[in-house]
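S.K.: After the structure tokens below, expect a handful of questions from me.
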Amino acid sequence: MRANQHTFFACSAPPCPNGKLHLGHIGGVYLLADVFVRYHRMVGNAAYHVTGADEHGTYTLVKARKLGRPVDDVAHMHIEEILQCLRSVDIEPDVFVRTSSEDHKDRSLAIYDQLRASGYVELRDGEQLYCGTCEEFAADSLAVGECPACNAPTDSNLCEDCGSALQHNLLRNPIHTTCGQSLILRPIRQVHFELEKFAPGLDHAIEASGWPESIKRKELDWLRSKLMALPMSRHFDRGVTLNSPVEVAGQTLMTWFEGLWCYETGIERLCKQNGADLDDTMRNASTRLVFFMGQDNRFYYTIGVTASLFSRGYAIPYNHAIQDFYKLEGAKFSTSRDHAVWADEVAADIDTNVLRYYLASIAKPFGANDNDFLIEGLLQTAARIRAFETALRKYAGCNETLTADELTVEQNHNVKRYSEAVQDLRVWDAMDAIDAFFDVASFSRADTSVSAAEVSVFLSLLNPVTPMLAARYGAFFFGAGWRPGLDGGTIRPSTGLRKPVDFPLFSDPIPEAFIEAYERRFRQVRPNS
């Protein structure tokens, strides 16, 4: 192992298994984690993609009730769909944790016991919404109403519009999703995570972190002006069941803790596979946790998960990739309004490399409000990759004509810019660096002298984003032993007879039928438009 090698665990937010993944899910979370992991493996670090399925959220239960099917069957069905959507865009997590698994329940209870033993979990009086008609407590999406902070429609746990964590007694006009009747508050005893006890140290750790300033400032503002204990348990049948203290025996851990803790279950599995100890790994100075999520997960990852690490003596997350909700033709992706395109269905018509490249290029950060999926952007990306391929194919198979020239100063600058951008989770900036590298490359012009180094490095820049394309062209230029790397000085031209490219373009034109169907569905004439 190199002295400066790190181990990265890229942990993407576990989806709730109540449907397939649309392109907003893919582009905003799972693709970025995949690109990050592929980059770090390319430069010599150990890197793993850890995610799972949050099976104990109420969304799956609501879906099962609508379908009239057992909830576990519905969860399994949608988990298979989720995995297929990921595979359709060449994303294969190293670990996929189902939160219904026994090792996850054990790991969640172990974390809970550690927090409780340290004095950070205490019993408090609380309130939970209750339906007198159905004679059951409501949780999460089983209770809907209006956010007290921004007045947006929300469920009883977290407002997707403003990111506020909601207490049940603050939700306005609460309604039971199951029967549509008004909900009332009932007093309960529940366990709370006592953040106040270590808030100053957590404040300092976040202040000293390399998190994006916009995220850092929001979380520090909450710690300094809105700090409160966070409820951890509730009356709900599905989940990780608590046995102690006796007053809350039978309650389950809230999924905003237990569900998100699937990252630690995943790391524990990897440790066992590699013959390592979980605690040693989590305390190792070379270990880096990086979380990838949409904006609706922001509060509980940057506060809840971070606090559960810090309070146990572990380093806080190295960084967070937080994305605004992706938009589709100017409006938020929405499954309820059928305003979405599904990853596996689109990948059946459009090459995965084109799709990944476009989604990565519009993955702007939280607060930018600039990640709109448009058919024109997809067409432009296909044309851009066609330009890449056309330039490469002009020289493919004639390695004896490639020179041993090293990269220029400008090319090295773009490689450095690319590396810094990926490491800082600014993937959109890394995409700009790829474009800039290509635009000045000799093989993109009519030069007769083309450097082997710049061809290899260009393909290596593409590798995390378009891995299939990079691998095929890399093998064609340099043989089956080619491996992506950003050190152009190690690449030398190889000898060999000229031969034609023997595989089709990755950038075939997007089918007219797809474009027409897309425009009919998402660009119908609107009133006053």
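We name chains A, B, ... following the order of the structure tokens; residues begin at 1 in each chain, and ligands are numbered from 1 as shown.
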Residues near A:Lys226, anyone? I mean within 12 Å using only C-alpha atoms, not counting same-chain ones fewer than 4 positions away, as a tab-separated table (two decimals) with C-alpha atoms, in the first residue's frame.

M.R.:
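Once everything was written out, this is out13.tsv:
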```tsv
chain	number	residue	atom	x	y	z
A	164	SER	CA	-36.79	21.26	7.87
A	165	ALA	CA	-36.95	18.31	10.26
A	195	LEU	CA	-27.04	16.48	20.60
A	196	GLU	CA	-26.77	19.31	23.12
A	199	ALA	CA	-22.74	20.20	20.20
A	218	LYS	CA	-26.56	25.78	7.09
A	219	GLU	CA	-25.63	23.05	9.53
A	220	LEU	CA	-23.65	25.37	11.80
A	221	ASP	CA	-26.59	27.76	11.86
A	222	TRP	CA	-28.83	24.93	13.06
A	230	LEU	CA	-33.81	14.58	17.92
```

S.K.: How close does stretch 7-114 of chain A get to stretch 427-445 of chain A? List, as CSV, each residue of stretch 7-114 of chain A within 12 Å, its nearest atom pair and the distance in Å to one decimal, counting only C-alpha atoms.

M.R.:
```
residue,atom,partner,partner_atom,distance
A:Gly27,CA,A:Val427,CA,10.9
A:Gly28,CA,A:Val427,CA,10.8
A:Val29,CA,A:Val427,CA,11.7
A:Leu31,CA,A:Val427,CA,10.3
A:Leu32,CA,A:Val427,CA,7.4
A:Ala33,CA,A:Val427,CA,10.3
A:Asp34,CA,A:Val427,CA,11.3
A:Val35,CA,A:Val427,CA,8.4
A:Phe36,CA,A:Val427,CA,8.6
A:Tyr39,CA,A:Val427,CA,10.9
```

S.K.: Which one of A:Thr133, A:Asp296, A:Val89, A:Cys162 sits closest to A:Ala348 if you count only C-alpha atoms?

M.R.: A:Val89

S.K.: Can you list, as a list in words, every protein, DNA or RNA residue that comes within 7 Å of A:Gln251 when you count only C-alpha atoms, leaving out same-chain residues fewer than 2 positions away?

M.R.: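 Contacts, with the query itself left out: Ser233, Arg234, His235, Phe236, Thr241, Leu242, Val248, Ala249 and Leu253 of chain A.
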
S.K.: How would the residues just picked look written out with N, CA and C atoms as a PDB file, in the first residue's frame?

M.R.:
```pdb
ATOM      1  N   SER A 233     -37.229   7.260  18.214  1.00  0.00           N
ATOM      2  CA  SER A 233     -38.118   6.104  18.182  1.00  0.00           C
ATOM      3  C   SER A 233     -39.560   6.552  17.998  1.00  0.00           C
ATOM      4  N   ARG A 234     -40.378   5.588  17.552  1.00  0.00           N
ATOM      5  CA  ARG A 234     -41.800   5.888  17.345  1.00  0.00           C
ATOM      6  C   ARG A 234     -42.592   4.581  17.361  1.00  0.00           C
ATOM      7  N   HIS A 235     -43.907   4.717  17.472  1.00  0.00           N
ATOM      8  CA  HIS A 235     -44.777   3.555  17.352  1.00  0.00           C
ATOM      9  C   HIS A 235     -44.996   3.266  15.869  1.00  0.00           C
ATOM     10  N   PHE A 236     -44.421   2.172  15.407  1.00  0.00           N
ATOM     11  CA  PHE A 236     -44.582   1.747  14.025  1.00  0.00           C
ATOM     12  C   PHE A 236     -44.129   0.301  13.948  1.00  0.00           C
ATOM     13  N   THR A 241     -36.557  -3.056  16.127  1.00  0.00           N
ATOM     14  CA  THR A 241     -37.328  -2.961  17.364  1.00  0.00           C
ATOM     15  C   THR A 241     -36.418  -2.805  18.576  1.00  0.00           C
ATOM     16  N   LEU A 242     -36.775  -1.846  19.441  1.00  0.00           N
ATOM     17  CA  LEU A 242     -36.026  -1.603  20.673  1.00  0.00           C
ATOM     18  C   LEU A 242     -36.570  -2.469  21.804  1.00  0.00           C
ATOM     19  N   VAL A 248     -39.916   2.094  26.248  1.00  0.00           N
ATOM     20  CA  VAL A 248     -40.054   2.185  24.786  1.00  0.00           C
ATOM     21  C   VAL A 248     -39.922   0.814  24.121  1.00  0.00           C
ATOM     22  N   ALA A 249     -39.931  -0.244  24.932  1.00  0.00           N
ATOM     23  CA  ALA A 249     -39.826  -1.584  24.354  1.00  0.00           C
ATOM     24  C   ALA A 249     -40.965  -1.803  23.357  1.00  0.00           C
ATOM     25  N   LEU A 253     -36.825   2.115  15.781  1.00  0.00           N
ATOM     26  CA  LEU A 253     -35.971   3.260  15.471  1.00  0.00           C
ATOM     27  C   LEU A 253     -36.491   3.976  14.229  1.00  0.00           C
TER      28      LEU A 253
END
```

S.K.: Apply DSSP to the structure's backbone, then extract all residues of stretch 96-201 of chain A labelled helix (DSSP H, G or I) and return them as a PyMOL selection string.

M.R.: chain A and resi 102-117+140-142+168-170+195-197+199-201

S.K.: Considering only C-alpha atoms, can you say which of A:Asp502, A:Asp447, A:Asp370, A:Glu122 comes closest to A:Arg393?

M.R.: A:Asp502

S.K.: Excluding A:Tyr301 and any residue of its chain fewer than 2 positions from it, enumerate the residues within 10 Å of it, using only C-alpha atoms, and give them as a PyMOL selection string.

M.R.: chain A and resi 13+256-257+260-261+291-293+296-299+303-308+317+320+322

S.K.: With N, CA and C atoms kept, could you save the residues just selected as a PDB file, in the first residue's frame?

M.R.:
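Saved the output as selection23.pdb:
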```
ATOM      1  N   ALA A  13     -27.354   7.542  -0.635  1.00  0.00           N
ATOM      2  CA  ALA A  13     -28.566   7.409   0.172  1.00  0.00           C
ATOM      3  C   ALA A  13     -29.384   6.206  -0.286  1.00  0.00           C
ATOM      4  N   TRP A 256     -34.831   7.627   9.667  1.00  0.00           N
ATOM      5  CA  TRP A 256     -33.821   8.657   9.400  1.00  0.00           C
ATOM      6  C   TRP A 256     -32.536   8.389  10.164  1.00  0.00           C
ATOM      7  N   PHE A 257     -32.607   7.512  11.169  1.00  0.00           N
ATOM      8  CA  PHE A 257     -31.375   7.028  11.800  1.00  0.00           C
ATOM      9  C   PHE A 257     -31.049   5.639  11.244  1.00  0.00           C
ATOM     10  N   LEU A 260     -30.469   5.148   7.365  1.00  0.00           N
ATOM     11  CA  LEU A 260     -29.223   5.747   6.885  1.00  0.00           C
ATOM     12  C   LEU A 260     -27.998   5.024   7.431  1.00  0.00           C
ATOM     13  N   TRP A 261     -28.151   4.333   8.550  1.00  0.00           N
ATOM     14  CA  TRP A 261     -27.031   3.583   9.104  1.00  0.00           C
ATOM     15  C   TRP A 261     -26.670   2.358   8.264  1.00  0.00           C
ATOM     16  N   PHE A 291     -20.639  11.000   1.562  1.00  0.00           N
ATOM     17  CA  PHE A 291     -22.054  10.692   1.397  1.00  0.00           C
ATOM     18  C   PHE A 291     -22.629  11.430   0.190  1.00  0.00           C
ATOM     19  N   PHE A 292     -23.480  10.734  -0.553  1.00  0.00           N
ATOM     20  CA  PHE A 292     -24.108  11.259  -1.758  1.00  0.00           C
ATOM     21  C   PHE A 292     -25.619  11.200  -1.562  1.00  0.00           C
ATOM     22  N   MET A 293     -26.297  12.337  -1.797  1.00  0.00           N
ATOM     23  CA  MET A 293     -27.725  12.392  -1.474  1.00  0.00           C
ATOM     24  C   MET A 293     -28.414  13.508  -2.231  1.00  0.00           C
ATOM     25  N   ASP A 296     -33.346  16.367   0.079  1.00  0.00           N
ATOM     26  CA  ASP A 296     -34.274  15.964   1.124  1.00  0.00           C
ATOM     27  C   ASP A 296     -33.596  15.137   2.209  1.00  0.00           C
ATOM     28  N   ASN A 297     -32.416  14.595   1.935  1.00  0.00           N
ATOM     29  CA  ASN A 297     -31.671  13.825   2.936  1.00  0.00           C
ATOM     30  C   ASN A 297     -30.670  14.681   3.706  1.00  0.00           C
ATOM     31  N   ARG A 298     -30.561  15.947   3.326  1.00  0.00           N
ATOM     32  CA  ARG A 298     -29.458  16.775   3.815  1.00  0.00           C
ATOM     33  C   ARG A 298     -29.388  16.857   5.336  1.00  0.00           C
ATOM     34  N   PHE A 299     -30.481  17.163   5.994  1.00  0.00           N
ATOM     35  CA  PHE A 299     -30.420  17.412   7.432  1.00  0.00           C
ATOM     36  C   PHE A 299     -29.922  16.188   8.196  1.00  0.00           C
ATOM     37  N   ILE A 303     -26.383  16.272   9.993  1.00  0.00           N
ATOM     38  CA  ILE A 303     -26.526  16.392  11.444  1.00  0.00           C
ATOM     39  C   ILE A 303     -26.659  15.020  12.098  1.00  0.00           C
ATOM     40  N   GLY A 304     -27.679  14.250  11.736  1.00  0.00           N
ATOM     41  CA  GLY A 304     -27.930  12.971  12.410  1.00  0.00           C
ATOM     42  C   GLY A 304     -26.814  11.967  12.244  1.00  0.00           C
ATOM     43  N   VAL A 305     -26.457  11.629  11.004  1.00  0.00           N
ATOM     44  CA  VAL A 305     -25.396  10.656  10.758  1.00  0.00           C
ATOM     45  C   VAL A 305     -24.056  11.187  11.254  1.00  0.00           C
ATOM     46  N   THR A 306     -23.794  12.459  10.964  1.00  0.00           N
ATOM     47  CA  THR A 306     -22.532  13.056  11.396  1.00  0.00           C
ATOM     48  C   THR A 306     -22.400  13.017  12.909  1.00  0.00           C
ATOM     49  N   ALA A 307     -23.482  13.338  13.609  1.00  0.00           N
ATOM     50  CA  ALA A 307     -23.446  13.328  15.075  1.00  0.00           C
ATOM     51  C   ALA A 307     -23.262  11.913  15.615  1.00  0.00           C
ATOM     52  N   SER A 308     -23.876  10.924  14.966  1.00  0.00           N
ATOM     53  CA  SER A 308     -23.729   9.549  15.462  1.00  0.00           C
ATOM     54  C   SER A 308     -22.311   9.027  15.254  1.00  0.00           C
ATOM     55  N   PRO A 317     -17.966  12.786   8.446  1.00  0.00           N
ATOM     56  CA  PRO A 317     -17.805  12.544   7.005  1.00  0.00           C
ATOM     57  C   PRO A 317     -16.787  13.477   6.379  1.00  0.00           C
ATOM     58  N   HIS A 320     -19.667  15.785   1.674  1.00  0.00           N
ATOM     59  CA  HIS A 320     -21.038  15.464   1.276  1.00  0.00           C
ATOM     60  C   HIS A 320     -21.272  15.973  -0.142  1.00  0.00           C
ATOM     61  N   ILE A 322     -24.360  16.896  -2.203  1.00  0.00           N
ATOM     62  CA  ILE A 322     -25.790  17.146  -2.033  1.00  0.00           C
ATOM     63  C   ILE A 322     -26.303  17.837  -3.289  1.00  0.00           C
TER      64      ILE A 322
END
```

S.K.: What separation in Å, quoted to one decimal, exists between atom CA of A:His104 and atom CA of A:Cys16?

M.R.: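 A separation of 15.6 Å between them.
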
S.K.: May I ask which of the residues A:Met42, A:Val37, A:Ala383, A:Leu328 is the closest one to A:Leu459, counting only C-alpha atoms?

M.R.: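 For A:Leu459, the nearest of the candidates is A:Met42.
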
S.K.: Per residue of stretch 196-271 of chain A within 9 Å of stretch 47-53 of chain A, which atom pair is closest and at what distance in Å (one decimal), using only C-alpha atoms, listed by chain and increasing number, as a Markdown table?

M.R.:
```
| residue | atom | partner | partner_atom | distance |
| --- | --- | --- | --- | --- |
| A:Gly259 | CA | A:Ala53 | CA | 8.0 |
| A:Cys262 | CA | A:Gly52 | CA | 6.7 |
| A:Tyr263 | CA | A:Val50 | CA | 6.0 |
| A:Glu264 | CA | A:Val50 | CA | 8.9 |
| A:Gly266 | CA | A:Val50 | CA | 6.0 |
| A:Ile267 | CA | A:Val50 | CA | 7.4 |
| A:Leu270 | CA | A:Tyr48 | CA | 8.7 |
```
